>>> print(open('run_3.tsv').read())   # TSV, C-alpha atoms
chain	number	residue	atom	x	y	z
A	50	MET	CA	0.00	0.00	0.00
A	51	THR	CA	1.11	3.52	-0.73
A	52	ARG	CA	1.04	6.11	2.02
A	53	GLN	CA	-1.67	8.73	1.61
A	54	GLN	CA	-0.12	12.06	2.56
A	55	PRO	CA	-2.53	14.12	4.70
A	56	PRO	CA	-3.41	17.57	3.37
A	57	ASN	CA	-1.47	20.48	4.89
A	58	ARG	CA	-4.62	21.99	6.41
A	59	ARG	CA	-7.17	19.69	8.04
A	60	PRO	CA	-9.66	19.71	10.89
A	61	ALA	CA	-8.63	18.18	14.20
A	62	LEU	CA	-10.22	17.08	17.44
A	63	THR	CA	-8.45	16.92	20.82
A	64	ILE	CA	-9.86	14.42	23.31
A	65	PRO	CA	-8.93	13.25	26.82
A	66	LEU	CA	-8.13	9.57	27.35
A	67	LYS	CA	-7.40	7.34	30.34
A	68	TRP	CA	-5.35	4.17	30.39
A	69	ARG	CA	-6.40	2.09	33.38
A	70	THR	CA	-4.22	-0.59	34.91
A	71	GLU	CA	-4.68	-2.54	38.13
A	72	LEU	CA	-2.36	-0.08	39.90
A	73	ALA	CA	-3.10	3.33	38.39
A	74	THR	CA	-4.99	5.45	35.90
A	75	HIS	CA	-2.91	7.48	33.46
A	76	ALA	CA	-4.64	10.47	31.88
A	77	PHE	CA	-3.47	12.07	28.63
A	78	ASP	CA	-4.86	13.93	25.62
A	79	ILE	CA	-4.55	13.12	21.94
A	80	THR	CA	-5.37	15.13	18.85
A	81	ILE	CA	-6.98	13.30	15.94
A	82	GLY	CA	-6.31	14.76	12.48
A	83	LEU	CA	-9.36	14.34	10.25
A	84	ASP	CA	-9.77	13.99	6.52
A	85	PRO	CA	-11.46	17.26	5.45
A	86	VAL	CA	-13.84	15.44	3.08
A	87	SER	CA	-14.82	12.21	4.86
A	88	GLY	CA	-14.15	13.17	8.49
A	89	ASP	CA	-12.19	9.92	8.95
A	90	ALA	CA	-9.20	9.85	11.28
A	91	ILE	CA	-6.00	10.07	9.22
A	92	GLU	CA	-3.47	10.72	11.98
A	93	VAL	CA	-3.13	11.03	15.73
A	94	PHE	CA	-0.80	13.09	17.92
A	95	TYR	CA	0.03	13.19	21.62
A	96	ALA	CA	-1.35	16.49	22.94
A	97	ASP	CA	-0.71	16.69	26.69
A	98	GLY	CA	-1.15	15.09	30.07
A	99	GLN	CA	2.08	13.36	31.03
A	100	ARG	CA	5.21	14.73	32.65
A	101	GLY	CA	7.48	16.10	29.93
A	102	GLY	CA	10.27	13.70	29.07
A	103	SER	CA	8.69	10.78	30.92
A	104	GLN	CA	8.86	7.27	29.53
A	105	LEU	CA	5.06	7.15	29.22
A	106	GLN	CA	4.97	10.44	27.29
A	107	HIS	CA	7.50	9.05	24.81
A	108	ALA	CA	5.62	5.76	24.53
A	109	ILE	CA	2.38	7.63	23.73
A	110	GLN	CA	4.15	9.81	21.14
A	111	ASP	CA	5.71	6.77	19.46
A	112	ALA	CA	2.36	4.94	19.48
A	113	CYS	CA	0.74	7.92	17.77
A	114	VAL	CA	3.39	7.94	15.04
A	115	LEU	CA	2.97	4.23	14.34
A	116	ILE	CA	-0.83	4.37	14.40
A	117	SER	CA	-0.76	7.37	12.05
A	118	LEU	CA	1.43	5.47	9.59
A	119	LEU	CA	-0.98	2.52	9.65
A	120	LEU	CA	-3.96	4.82	9.04
A	121	GLN	CA	-2.17	6.56	6.18
A	122	HIS	CA	-1.46	3.18	4.61
A	123	GLY	CA	-5.16	2.31	4.62
A	124	VAL	CA	-5.41	0.16	7.76
A	125	GLN	CA	-8.67	0.76	9.62
A	126	ALA	CA	-8.72	1.32	13.40
A	127	ARG	CA	-10.97	-1.73	13.88
A	128	ASP	CA	-8.37	-3.92	12.15
A	129	ILE	CA	-5.58	-2.54	14.31
A	130	ALA	CA	-7.67	-3.11	17.45
A	131	LYS	CA	-8.28	-6.78	16.62
A	132	SER	CA	-4.53	-7.42	16.82
A	133	LEU	CA	-3.91	-5.70	20.17
A	134	SER	CA	-3.82	-7.34	23.57
A	135	THR	CA	-6.38	-6.88	26.31
A	136	MET	CA	-6.37	-7.77	29.98
A	137	PRO	CA	-8.90	-7.72	32.80
A	138	VAL	CA	-8.80	-4.53	34.84
A	139	HIS	CA	-11.06	-4.58	37.90
A	140	GLY	CA	-13.05	-7.40	36.28
A	141	SER	CA	-13.64	-5.96	32.81
A	142	PRO	CA	-11.54	-6.40	29.67
A	143	GLU	CA	-9.48	-3.34	28.77
A	144	PHE	CA	-6.71	-2.69	26.27
A	145	ALA	CA	-3.43	-3.68	27.88
A	146	THR	CA	-1.41	-0.68	26.62
A	147	VAL	CA	-1.74	2.96	25.63
A	148	VAL	CA	-1.64	1.80	22.01
A	149	GLY	CA	-4.97	0.07	22.49
A	150	VAL	CA	-6.48	3.02	24.32
A	151	ILE	CA	-5.59	5.33	21.41
A	152	VAL	CA	-6.92	2.89	18.80
A	153	GLY	CA	-10.08	2.44	20.88
A	154	ALA	CA	-10.63	6.20	20.76
A	155	LEU	CA	-10.24	6.13	16.98
A	156	GLN	CA	-12.79	3.32	16.76
A	157	HIS	CA	-15.20	5.34	18.90
A	158	HIS	CA	-14.73	8.36	16.61
A	159	ALA	CA	-15.39	6.18	13.54
A	160	ARG	CA	-18.63	4.81	15.07
A	161	GLU	CA	-19.85	8.33	15.91
A	162	ASN	CA	-19.22	9.50	12.35
A	163	ALA	CA	-20.72	6.46	10.60
>>> encode(input="run_3.tsv", output="structure tokens")
Amino acid sequence: MTRQQPPNRRPALTIPLKWRTELATHAFDITIGLDPVSGDAIEVFYADGQRGGSQLQHAIQDACVLISLLLQHGVQARDIAKSLSTMPVHGSPEFATVVGVIVGALQHHARENA
């Protein structure tokens, strides 16, 4: 697949997310870049919420880069989500990593815009 380069100017949406583990809840914000015609997510960026320079901040930033590349190569969020791990957190299945939390937010956005 060839990468679809996002347009220079595009709408965006910043949303708060929480990654829950058995020991803690980590809050952070992402910005979803949207296709100006379809409204589909075409990229995602870390926006804020973690201590600058922390390992988690870097992990979220790297996850956003990789997810954006997958989206720009035509992979749908639902297909990414199927391949990610989950684990029980306080008795309910949750994504095991921040990668899953971000992809879950993209899936939610896609359902709202369907």
>>> closest_residue(input="run_3.tsv", among="A:Gly149, A:Pro65, A:His122, A:Phe77", to="Thr135 of chain A", atoms="only C-alpha atoms")
A:Gly149
>>> closest_residue(input="run_3.tsv", among="A:Gln99, A:Phe94, A:Pro55, A:Val138", to="Ala73 of chain A", atoms="all atoms listed in the file")
A:Val138
>>> closest_residue(input="run_3.tsv", among="A:Val114, A:Val86, A:Leu105, A:Arg127", to="His158 of chain A", atoms="only C-alpha atoms")
A:Arg127
>>> closest_residue(input="run_3.tsv", among="A:Thr70, A:Ser117, A:Thr80, A:Ser103", to="Val147 of chain A", atoms="all atoms listed in the file")
A:Thr70
>>> axis_aligned_box(input="run_3.tsv", around="segment 109-127 of chain A", padding_each_side="3 Å", output="JSON")
{"center_x": -2.6, "center_y": 4.0, "center_z": 14.2, "size_x": 22.7, "size_y": 17.5, "size_z": 25.1}
>>> closest_residue(input="run_3.tsv", among="A:Leu72, A:Val93, A:Ala163, A:Ile109", to="Pro60 of chain A", atoms="all atoms listed in the file")
A:Val93
>>> closest_residue(input="run_3.tsv", among="A:Ala90, A:Ser134, A:His107, A:Cys113", to="Gln156 of chain A", atoms="all atoms listed in the file")
A:Ala90
>>> residues_around(input="run_3.tsv", residues="Ile91 of chain A", least_positions_apart="6", cutoff="10 Å", atoms="all atoms listed in the file", output="MDAnalysis selection string")
chainID A and resid 53:56 59 61 81:85 116:123 125 155
>>> atom_distance(input="run_3.tsv", atom1="atom CA of His157 of chain A", atom2="atom CA of His75 of chain A")
19.2 Å
